[in-house]
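A short worksheet on the structure shown next.
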Amino acid sequence: MAFARDDNKVLVRTRRCRSALNRTGIPGGDYCVNPYLGCTHNCLYCYASFMLKYSGINEPWGSFVEAKINLPDVLKRQARKPGTVLLGTVCDPYQPAEREFQLSRQVLSILGERGYNVEVMTKSDLVLRDIDLLSRFPGFSVELTITTLDAKISRAFEPGAPLPERRLIALKELNRAGVETTVFIGPLLPGISDSCRQIEELLLAVKAAGGQRVLFDRLNYLKQKFIRLKPVIEKEFPATIPAWNQALTAPDQYSAALRSRIQEALADSGLKGRIIF
Ligand code: SF4
């Protein structure tokens, strides 16, 4: 049922779900929980937009969110066999709608009381609202995505998500509270956010915020994603077109060169890190 458009003119609706806790094949997790369908962070490179195909929704990805209002009740029935839960594998669990619905907060509370480990996957500093729960349960951790330090790049490609500066503040606060954190750095965009200098500066900022672990990823499905990104690249970052053409015509070479830049920066940073491509 549609009931509101929020300040960013996105459509917010509620829906009911039949299952809350689902098995996942993602490394490091036994189960996943996704309290929202749709994500108004609206990242242009989002891999989750494939959900549109299966949900029968016709609105553009990023323009709507559906909150699964009965998810906490369903979760209470299903959560009987503790393991590690990844919260937000498909859609961000701390996107703006969470301010009102508080579904992710309820998920943390239910799973914490029942002895589950939870890794929250988010781009949002709204996660700080639940720092009391995150620091209460020892098996809880946060994987915070920070793709760039540059606000212009972030605004262009992640228009609905909090700016990098706010994510760094969140990282700092979480670390200060003793919550285990990992920074997910990806996807790095060819010619836009993947230079040695940008990677080094990002690692320095993570370190200054008390971060200890990072994960790196490239932009996957390069050709398909380029089609969606192209208008923004041509308008706002035209000088990077040759770098995109190189990456598109020789993706293996591009990946190898990116990997070696990351390895070098990681070694200098002293942070623990992993490259997942
Ligand atoms: S925050 Fe994640 S799920 Fe949401 S639009 Fe961005 S990439 Fe997609």
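All residue names refer to the structure tokens as shown: chains lettered A, B, ... in order, residues numbered from 1 in each chain, ligands numbered from 1 in order.
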* Determine, counting only C-alpha atoms, which protein, DNA and RNA residues have an atom within 9 Å of an atom of Lys81 (chain A); residues of the same chain fewer than 2 positions away are not included. Present the result as a PyMOL selection string. => chain A and resi 78-79+83+114-116
Where does chain A meet ligand 1 within 7 Å, residue by residue, with the nearest atom pair and distance in Å to one decimal for each, counting only C-alpha atoms and all ligand atoms, listed by chain and rising number, as JSON lines?
{"residue": "A:Cys39", "atom": "CA", "partner": "ligand 1", "partner_atom_place_in_ligand_line": "4 (Fe)", "distance": 4.5}
{"residue": "A:Thr40", "atom": "CA", "partner": "ligand 1", "partner_atom_place_in_ligand_line": "5 (S)", "distance": 6.1}
{"residue": "A:His41", "atom": "CA", "partner": "ligand 1", "partner_atom_place_in_ligand_line": "5 (S)", "distance": 4.6}
{"residue": "A:Asn42", "atom": "CA", "partner": "ligand 1", "partner_atom_place_in_ligand_line": "5 (S)", "distance": 4.1}
{"residue": "A:Cys43", "atom": "CA", "partner": "ligand 1", "partner_atom_place_in_ligand_line": "6 (Fe)", "distance": 4.1}
{"residue": "A:Tyr45", "atom": "CA", "partner": "ligand 1", "partner_atom_place_in_ligand_line": "7 (S)", "distance": 6.6}
{"residue": "A:Cys46", "atom": "CA", "partner": "ligand 1", "partner_atom_place_in_ligand_line": "7 (S)", "distance": 4.0}
{"residue": "A:Tyr47", "atom": "CA", "partner": "ligand 1", "partner_atom_place_in_ligand_line": "8 (Fe)", "distance": 6.2}
{"residue": "A:Ala48", "atom": "CA", "partner": "ligand 1", "partner_atom_place_in_ligand_line": "8 (Fe)", "distance": 5.5}
{"residue": "A:Gly62", "atom": "CA", "partner": "ligand 1", "partner_atom_place_in_ligand_line": "5 (S)", "distance": 6.2}
{"residue": "A:Val90", "atom": "CA", "partner": "ligand 1", "partner_atom_place_in_ligand_line": "3 (S)", "distance": 5.5}
{"residue": "A:Cys91", "atom": "CA", "partner": "ligand 1", "partner_atom_place_in_ligand_line": "3 (S)", "distance": 3.9}
{"residue": "A:Asp92", "atom": "CA", "partner": "ligand 1", "partner_atom_place_in_ligand_line": "4 (Fe)", "distance": 4.9}
{"residue": "A:Thr122", "atom": "CA", "partner": "ligand 1", "partner_atom_place_in_ligand_line": "1 (S)", "distance": 6.7}
{"residue": "A:Lys123", "atom": "CA", "partner": "ligand 1", "partner_atom_place_in_ligand_line": "1 (S)", "distance": 5.8}
{"residue": "A:Glu158", "atom": "CA", "partner": "ligand 1", "partner_atom_place_in_ligand_line": "6 (Fe)", "distance": 6.4}
{"residue": "A:Ala161", "atom": "CA", "partner": "ligand 1", "partner_atom_place_in_ligand_line": "1 (S)", "distance": 6.7}
Once you count only C-alpha atoms, what closest atom pair and distance in Å to one decimal does each residue of region 63-129 of chain A within 10 Å of region 174-187 of chain A have, with rows by chain and rising residue number, as CSV?
residue,atom,partner,partner_atom,distance
A:Glu119,CA,A:Thr181,CA,9.0
A:Val120,CA,A:Thr181,CA,9.4
A:Met121,CA,A:Phe184,CA,9.0
A:Thr122,CA,A:Phe184,CA,9.3
A:Lys123,CA,A:Phe184,CA,9.3
A:Asp125,CA,A:Leu174,CA,9.8
A:Val127,CA,A:Leu174,CA,9.0
A:Leu128,CA,A:Leu174,CA,7.2
Output C-alpha atoms of each residue in that selection to a file, as an mmCIF file, in the first residue's frame.
data_model
loop_
_atom_site.group_PDB
_atom_site.id
_atom_site.type_symbol
_atom_site.label_atom_id
_atom_site.label_comp_id
_atom_site.auth_asym_id
_atom_site.auth_seq_id
_atom_site.Cartn_x
_atom_site.Cartn_y
_atom_site.Cartn_z
ATOM 1 C CA GLU A 119 26.979 -8.235 10.559
ATOM 2 C CA VAL A 120 25.227 -5.040 9.464
ATOM 3 C CA MET A 121 25.983 -3.998 5.873
ATOM 4 C CA THR A 122 25.289 -0.325 5.252
ATOM 5 C CA LYS A 123 26.332 2.984 3.744
ATOM 6 C CA ASP A 125 25.464 6.788 9.541
ATOM 7 C CA VAL A 127 23.420 2.926 12.072
ATOM 8 C CA LEU A 128 24.755 5.056 14.945
#
* Distance criterion (only C-alpha atoms): nearest to Leu44 (chain A) out of A:Ile227, A:Ile131, A:Cys196, A:Val74 -> A:Ile227
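Of the residues listed (A:Pro190, A:Phe277, A:Ala267, A:Leu133), A:Pro190 shows the shortest atom-to-atom separation from Asn245 (chain A); distances use only C-alpha atoms.
Of the residues listed (A:Leu203, A:Val10, A:Ala208, A:Ala243), A:Leu203 shows the shortest atom-to-atom separation from Leu271 (chain A); distances use only C-alpha atoms.
Put simply, CA of Ala97 (chain A) is 8.8 Å away from CA of Glu66 (chain A).
With distances restricted to only C-alpha atoms, A:Asn34 is the closest residue to Val107 (chain A) from A:Asn34, A:Asn220, A:Thr145, A:Ser135.
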* **Residues flagged helix (DSSP H, G or I) by DSSP in region 25-255 of chain A, as number ranges by chain** => A: 48-55, 71-78, 97-101, 103-113, 125-136, 151-157, 164-176, 196-208, 222-236, 238-249, 251-255
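Using only C-alpha atoms for every distance, the candidate list A:Thr84, A:Asn70, A:Ser141, A:Ser55 yields A:Thr84 as the residue closest to Tyr31 (chain A).
We find CA of Glu234 (chain A) and CA of Ile153 (chain A) to be spaced 13.2 Å apart.
Atom pair CA of Ile241 (chain A) / CA of Ser193 (chain A) has a distance of 13.1 Å (rounded to one decimal).
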